[in-house]
Structures are given as C-alpha cells and as structure tokens.
Amino acid sequence: MADLSERLEAARAEVARIEREIAQGPCREYGHQWQSHGGCNAGCSESCGCSVPVNVCAKCGDCDYGDNEEADQVRKHCEATNG
C-alpha cells in the first residue's frame with residue numbers, strides 16, 4: 001500500500017488529467033467558457049435604450065447574442081419600471 005504522500009500525488013495527477021480533458025473537450029459536454037464581448041440593445045420596446053451584455057466562448061467562439069441571465073435581469077427590470 002502506497003503511503004499517503006504517494007496517494008496524494010497520484011490524486012493530484014488524476015485531477016490535472018481530468019482538468020486537461022475538460023479544457024480540451026467539446027463545449028456541448030463541458031460547458032462554454034464565456035467572456036464578455038461588449039453589449040447590445042436589450043430590445044425591451046421600440047424606444048428601448050437598455051443595454052445587455054454579450055458573451056463569446058473563449059474555447060469555441062460561440063456567441064450568446066445577449067441571451068444570458070444578466071440580460072434577462074435587465075429586461076425584467078426595464079419591464080417592471082417602464083411597464
């Protein structure tokens with residue numbers, strides 16, 4: 001039986017291997033790595049001046065086009081205050 005130091009080193013190596021697999025794996029399996037890419041008009045109404053964040057995945061380049069949780073909150077707030 002390996003001593004605790006050897007078991008710990010083996011566990012760290014396994015974690016590092018899994019992290020590499022996730023980082024290199026497809027976003028559909030492991031999720032996007034969203035990064036802020038600016039903003040766009042929220043489209044709450046014809047006279048809307050609200051801005052929502054737009055994110056782009058650093059791994060695959062996919063864009064959420066402002067379809068994200070923070071943007072949903074902006075739209076809900078606009079609707080609540082402006083009817």
# chains A, B, ... in the order shown; residues from 1 in each chain; ligands from 1
>>> residues_around(residues="region 49-61 of chain A", least_positions_apart="3", cutoff="7 Å", atoms="only C-alpha atoms", output="ChimeraX atom specification")
/A:32-42,64-66,71,74
>>> write_last_selection(atoms="N, CA, C and O atoms", output="PDB file, in the first residue's frame")
ATOM      1  N   HIS A  32     -19.557  26.130 -21.955  1.00  0.00           N
ATOM      2  CA  HIS A  32     -18.782  27.213 -22.567  1.00  0.00           C
ATOM      3  C   HIS A  32     -17.950  27.938 -21.522  1.00  0.00           C
ATOM      4  O   HIS A  32     -18.270  27.920 -20.331  1.00  0.00           O
ATOM      5  N   GLN A  33     -16.913  28.585 -21.987  1.00  0.00           N
ATOM      6  CA  GLN A  33     -16.090  29.457 -21.150  1.00  0.00           C
ATOM      7  C   GLN A  33     -16.373  30.886 -21.594  1.00  0.00           C
ATOM      8  O   GLN A  33     -15.641  31.480 -22.385  1.00  0.00           O
ATOM      9  N   TRP A  34     -17.516  31.430 -21.112  1.00  0.00           N
ATOM     10  CA  TRP A  34     -17.980  32.740 -21.553  1.00  0.00           C
ATOM     11  C   TRP A  34     -17.057  33.856 -21.098  1.00  0.00           C
ATOM     12  O   TRP A  34     -16.594  33.871 -19.967  1.00  0.00           O
ATOM     13  N   GLN A  35     -16.817  34.803 -22.011  1.00  0.00           N
ATOM     14  CA  GLN A  35     -16.078  36.028 -21.730  1.00  0.00           C
ATOM     15  C   GLN A  35     -16.869  37.190 -22.309  1.00  0.00           C
ATOM     16  O   GLN A  35     -17.442  37.082 -23.395  1.00  0.00           O
ATOM     17  N   SER A  36     -16.856  38.305 -21.586  1.00  0.00           N
ATOM     18  CA  SER A  36     -17.587  39.490 -22.038  1.00  0.00           C
ATOM     19  C   SER A  36     -17.036  39.965 -23.379  1.00  0.00           C
ATOM     20  O   SER A  36     -15.824  40.026 -23.590  1.00  0.00           O
ATOM     21  N   HIS A  37     -17.954  40.317 -24.259  1.00  0.00           N
ATOM     22  CA  HIS A  37     -17.571  40.766 -25.600  1.00  0.00           C
ATOM     23  C   HIS A  37     -18.279  42.069 -25.961  1.00  0.00           C
ATOM     24  O   HIS A  37     -18.430  42.398 -27.134  1.00  0.00           O
ATOM     25  N   GLY A  38     -18.787  42.774 -24.981  1.00  0.00           N
ATOM     26  CA  GLY A  38     -19.479  44.030 -25.246  1.00  0.00           C
ATOM     27  C   GLY A  38     -20.944  43.926 -24.895  1.00  0.00           C
ATOM     28  O   GLY A  38     -21.324  43.221 -23.977  1.00  0.00           O
ATOM     29  N   GLY A  39     -21.764  44.643 -25.643  1.00  0.00           N
ATOM     30  CA  GLY A  39     -23.187  44.651 -25.347  1.00  0.00           C
ATOM     31  C   GLY A  39     -24.017  44.886 -26.588  1.00  0.00           C
ATOM     32  O   GLY A  39     -23.492  45.127 -27.669  1.00  0.00           O
ATOM     33  N   CYS A  40     -25.329  44.819 -26.391  1.00  0.00           N
ATOM     34  CA  CYS A  40     -26.256  45.110 -27.479  1.00  0.00           C
ATOM     35  C   CYS A  40     -27.528  45.679 -26.870  1.00  0.00           C
ATOM     36  O   CYS A  40     -27.749  45.608 -25.668  1.00  0.00           O
ATOM     37  N   ASN A  41     -28.369  46.261 -27.703  1.00  0.00           N
ATOM     38  CA  ASN A  41     -29.636  46.805 -27.246  1.00  0.00           C
ATOM     39  C   ASN A  41     -30.513  45.676 -26.744  1.00  0.00           C
ATOM     40  O   ASN A  41     -30.607  44.620 -27.358  1.00  0.00           O
ATOM     41  N   ALA A  42     -31.170  45.915 -25.609  1.00  0.00           N
ATOM     42  CA  ALA A  42     -31.992  44.878 -24.984  1.00  0.00           C
ATOM     43  C   ALA A  42     -33.268  44.596 -25.766  1.00  0.00           C
ATOM     44  O   ALA A  42     -33.836  43.514 -25.664  1.00  0.00           O
ATOM     45  N   ASP A  64     -23.473  34.292 -27.378  1.00  0.00           N
ATOM     46  CA  ASP A  64     -24.818  34.152 -26.814  1.00  0.00           C
ATOM     47  C   ASP A  64     -25.758  35.264 -27.279  1.00  0.00           C
ATOM     48  O   ASP A  64     -26.943  35.241 -26.974  1.00  0.00           O
ATOM     49  N   TYR A  65     -25.264  36.249 -28.028  1.00  0.00           N
ATOM     50  CA  TYR A  65     -26.076  37.328 -28.609  1.00  0.00           C
ATOM     51  C   TYR A  65     -26.975  38.013 -27.579  1.00  0.00           C
ATOM     52  O   TYR A  65     -28.091  38.408 -27.869  1.00  0.00           O
ATOM     53  N   GLY A  66     -26.481  38.122 -26.327  1.00  0.00           N
ATOM     54  CA  GLY A  66     -27.264  38.777 -25.284  1.00  0.00           C
ATOM     55  C   GLY A  66     -28.345  37.905 -24.689  1.00  0.00           C
ATOM     56  O   GLY A  66     -29.228  38.396 -23.995  1.00  0.00           O
ATOM     57  N   ALA A  71     -28.702  39.531 -18.881  1.00  0.00           N
ATOM     58  CA  ALA A  71     -29.577  40.228 -19.821  1.00  0.00           C
ATOM     59  C   ALA A  71     -31.044  40.036 -19.441  1.00  0.00           C
ATOM     60  O   ALA A  71     -31.838  40.986 -19.532  1.00  0.00           O
ATOM     61  N   VAL A  74     -31.874  42.493 -16.752  1.00  0.00           N
ATOM     62  CA  VAL A  74     -32.015  43.858 -17.284  1.00  0.00           C
ATOM     63  C   VAL A  74     -33.398  44.025 -17.908  1.00  0.00           C
ATOM     64  O   VAL A  74     -34.091  45.015 -17.654  1.00  0.00           O
TER      65      VAL A  74
END
>>> select_by_dssp(residues="chain A", states="alpha helix (DSSP H)", output="PyMOL selection string")
chain A and resi 4-24+27-30+69-82
>>> select_by_dssp(residues="chain A", states="strand (DSSP E)", output="MDAnalysis selection string")
chainID A and resid 34:41 51:57
>>> write_last_selection(atoms="N, CA, C and O atoms", output="PDB file, in the first residue's frame")
ATOM      1  N   TRP A  34     -17.516  31.430 -21.112  1.00  0.00           N
ATOM      2  CA  TRP A  34     -17.980  32.740 -21.553  1.00  0.00           C
ATOM      3  C   TRP A  34     -17.057  33.856 -21.098  1.00  0.00           C
ATOM      4  O   TRP A  34     -16.594  33.871 -19.967  1.00  0.00           O
ATOM      5  N   GLN A  35     -16.817  34.803 -22.011  1.00  0.00           N
ATOM      6  CA  GLN A  35     -16.078  36.028 -21.730  1.00  0.00           C
ATOM      7  C   GLN A  35     -16.869  37.190 -22.309  1.00  0.00           C
ATOM      8  O   GLN A  35     -17.442  37.082 -23.395  1.00  0.00           O
ATOM      9  N   SER A  36     -16.856  38.305 -21.586  1.00  0.00           N
ATOM     10  CA  SER A  36     -17.587  39.490 -22.038  1.00  0.00           C
ATOM     11  C   SER A  36     -17.036  39.965 -23.379  1.00  0.00           C
ATOM     12  O   SER A  36     -15.824  40.026 -23.590  1.00  0.00           O
ATOM     13  N   HIS A  37     -17.954  40.317 -24.259  1.00  0.00           N
ATOM     14  CA  HIS A  37     -17.571  40.766 -25.600  1.00  0.00           C
ATOM     15  C   HIS A  37     -18.279  42.069 -25.961  1.00  0.00           C
ATOM     16  O   HIS A  37     -18.430  42.398 -27.134  1.00  0.00           O
ATOM     17  N   GLY A  38     -18.787  42.774 -24.981  1.00  0.00           N
ATOM     18  CA  GLY A  38     -19.479  44.030 -25.246  1.00  0.00           C
ATOM     19  C   GLY A  38     -20.944  43.926 -24.895  1.00  0.00           C
ATOM     20  O   GLY A  38     -21.324  43.221 -23.977  1.00  0.00           O
ATOM     21  N   GLY A  39     -21.764  44.643 -25.643  1.00  0.00           N
ATOM     22  CA  GLY A  39     -23.187  44.651 -25.347  1.00  0.00           C
ATOM     23  C   GLY A  39     -24.017  44.886 -26.588  1.00  0.00           C
ATOM     24  O   GLY A  39     -23.492  45.127 -27.669  1.00  0.00           O
ATOM     25  N   CYS A  40     -25.329  44.819 -26.391  1.00  0.00           N
ATOM     26  CA  CYS A  40     -26.256  45.110 -27.479  1.00  0.00           C
ATOM     27  C   CYS A  40     -27.528  45.679 -26.870  1.00  0.00           C
ATOM     28  O   CYS A  40     -27.749  45.608 -25.668  1.00  0.00           O
ATOM     29  N   ASN A  41     -28.369  46.261 -27.703  1.00  0.00           N
ATOM     30  CA  ASN A  41     -29.636  46.805 -27.246  1.00  0.00           C
ATOM     31  C   ASN A  41     -30.513  45.676 -26.744  1.00  0.00           C
ATOM     32  O   ASN A  41     -30.607  44.620 -27.358  1.00  0.00           O
ATOM     33  N   SER A  51     -29.082  48.363 -22.373  1.00  0.00           N
ATOM     34  CA  SER A  51     -28.001  47.571 -22.943  1.00  0.00           C
ATOM     35  C   SER A  51     -27.850  46.289 -22.135  1.00  0.00           C
ATOM     36  O   SER A  51     -27.972  46.295 -20.915  1.00  0.00           O
ATOM     37  N   VAL A  52     -27.608  45.198 -22.827  1.00  0.00           N
ATOM     38  CA  VAL A  52     -27.383  43.911 -22.176  1.00  0.00           C
ATOM     39  C   VAL A  52     -26.020  43.375 -22.614  1.00  0.00           C
ATOM     40  O   VAL A  52     -25.548  43.662 -23.710  1.00  0.00           O
ATOM     41  N   PRO A  53     -25.385  42.575 -21.749  1.00  0.00           N
ATOM     42  CA  PRO A  53     -24.070  42.032 -22.096  1.00  0.00           C
ATOM     43  C   PRO A  53     -24.164  40.934 -23.148  1.00  0.00           C
ATOM     44  O   PRO A  53     -25.129  40.189 -23.211  1.00  0.00           O
ATOM     45  N   VAL A  54     -23.142  40.885 -23.973  1.00  0.00           N
ATOM     46  CA  VAL A  54     -22.988  39.831 -24.978  1.00  0.00           C
ATOM     47  C   VAL A  54     -21.696  39.099 -24.644  1.00  0.00           C
ATOM     48  O   VAL A  54     -20.673  39.722 -24.371  1.00  0.00           O
ATOM     49  N   ASN A  55     -21.759  37.778 -24.637  1.00  0.00           N
ATOM     50  CA  ASN A  55     -20.596  36.961 -24.296  1.00  0.00           C
ATOM     51  C   ASN A  55     -20.193  36.065 -25.451  1.00  0.00           C
ATOM     52  O   ASN A  55     -21.042  35.640 -26.244  1.00  0.00           O
ATOM     53  N   VAL A  56     -18.892  35.770 -25.527  1.00  0.00           N
ATOM     54  CA  VAL A  56     -18.345  34.870 -26.536  1.00  0.00           C
ATOM     55  C   VAL A  56     -17.538  33.798 -25.804  1.00  0.00           C
ATOM     56  O   VAL A  56     -16.814  34.101 -24.846  1.00  0.00           O
ATOM     57  N   CYS A  57     -17.668  32.562 -26.239  1.00  0.00           N
ATOM     58  CA  CYS A  57     -16.930  31.459 -25.624  1.00  0.00           C
ATOM     59  C   CYS A  57     -15.462  31.522 -26.058  1.00  0.00           C
ATOM     60  O   CYS A  57     -15.163  31.554 -27.252  1.00  0.00           O
TER      61      CYS A  57
END
>>> atom_distance(atom1="CA of Ala80 (chain A)", atom2="CA of Ser45 (chain A)")
12.7 Å
>>> closest_residue(among="A:Cys48, A:Asn68, A:Cys63, A:Gly43", to="Asn82 (chain A)", atoms="only C-alpha atoms")
A:Cys48
>>> atom_distance(atom1="CA of Asp3 (chain A)", atom2="CA of Val15 (chain A)")
18.7 Å
>>> decode(residues="chain A", atoms="C-alpha atoms", output="compact mmCIF listing (two decimals), in the first residue's frame")
# COMPACT_ATOMS: atom_id res chain seq x y z
CA MET A 1 0.00 0.00 0.00
CA ALA A 2 1.37 3.37 -1.03
CA ASP A 3 1.98 5.90 1.68
CA LEU A 4 -0.22 8.99 1.91
CA SER A 5 2.25 11.21 0.03
CA GLU A 6 2.24 8.87 -2.97
CA ARG A 7 -1.55 8.58 -2.91
CA LEU A 8 -1.89 12.37 -2.75
CA GLU A 9 0.49 12.83 -5.70
CA ALA A 10 -1.46 10.24 -7.73
CA ALA A 11 -4.75 12.02 -6.91
CA ARG A 12 -3.29 15.39 -8.00
CA ALA A 13 -2.09 13.86 -11.26
CA GLU A 14 -5.58 12.45 -11.91
CA VAL A 15 -7.21 15.83 -11.20
CA ALA A 16 -4.77 17.53 -13.60
CA ARG A 17 -5.58 14.93 -16.29
CA ILE A 18 -9.33 15.47 -15.85
CA GLU A 19 -8.91 19.27 -15.98
CA ARG A 20 -6.97 18.96 -19.26
CA GLU A 21 -9.68 16.70 -20.69
CA ILE A 22 -12.40 19.22 -19.77
CA ALA A 23 -10.39 22.16 -21.15
CA GLN A 24 -9.89 20.38 -24.47
CA GLY A 25 -13.31 18.74 -24.63
CA PRO A 26 -16.32 20.00 -26.56
CA CYS A 27 -18.43 22.77 -25.03
CA ARG A 28 -21.63 20.78 -25.54
CA GLU A 29 -20.30 18.30 -22.96
CA TYR A 30 -18.38 20.54 -20.56
CA GLY A 31 -19.94 23.99 -20.98
CA HIS A 32 -18.78 27.21 -22.57
CA GLN A 33 -16.09 29.46 -21.15
CA TRP A 34 -17.98 32.74 -21.55
CA GLN A 35 -16.08 36.03 -21.73
CA SER A 36 -17.59 39.49 -22.04
CA HIS A 37 -17.57 40.77 -25.60
CA GLY A 38 -19.48 44.03 -25.25
CA GLY A 39 -23.19 44.65 -25.35
CA CYS A 40 -26.26 45.11 -27.48
CA ASN A 41 -29.64 46.80 -27.25
CA ALA A 42 -31.99 44.88 -24.98
CA GLY A 43 -34.97 45.35 -27.30
CA CYS A 44 -37.39 45.92 -24.43
CA SER A 45 -39.51 48.25 -26.57
CA GLU A 46 -39.27 50.37 -29.73
CA SER A 47 -37.73 53.24 -27.75
CA CYS A 48 -35.53 50.97 -25.60
CA GLY A 49 -32.17 52.34 -24.57
CA CYS A 50 -31.24 49.42 -22.32
CA SER A 51 -28.00 47.57 -22.94
CA VAL A 52 -27.38 43.91 -22.18
CA PRO A 53 -24.07 42.03 -22.10
CA VAL A 54 -22.99 39.83 -24.98
CA ASN A 55 -20.60 36.96 -24.30
CA VAL A 56 -18.34 34.87 -26.54
CA CYS A 57 -16.93 31.46 -25.62
CA ALA A 58 -13.14 31.59 -25.36
CA LYS A 59 -12.94 27.94 -26.39
CA CYS A 60 -15.26 27.54 -29.39
CA GLY A 61 -16.10 31.13 -30.41
CA ASP A 62 -19.87 30.69 -29.98
CA CYS A 63 -21.79 33.87 -29.09
CA ASP A 64 -24.82 34.15 -26.81
CA TYR A 65 -26.08 37.33 -28.61
CA GLY A 66 -27.26 38.78 -25.28
CA ASP A 67 -29.25 35.67 -24.36
CA ASN A 68 -27.93 35.21 -20.81
CA GLU A 69 -29.02 35.50 -17.19
CA GLU A 70 -27.72 39.06 -16.70
CA ALA A 71 -29.58 40.23 -19.82
CA ASP A 72 -32.78 38.59 -18.56
CA GLN A 73 -32.47 40.59 -15.34
CA VAL A 74 -32.02 43.86 -17.28
CA ARG A 75 -35.12 43.14 -19.36
CA LYS A 76 -37.19 42.25 -16.27
CA HIS A 77 -36.10 45.45 -14.53
CA CYS A 78 -36.97 47.54 -17.60
CA GLU A 79 -40.39 45.92 -17.86
CA ALA A 80 -41.08 46.48 -14.14
CA THR A 81 -40.10 50.16 -14.25
CA ASN A 82 -41.45 51.11 -17.65
CA GLY A 83 -44.48 48.83 -17.87
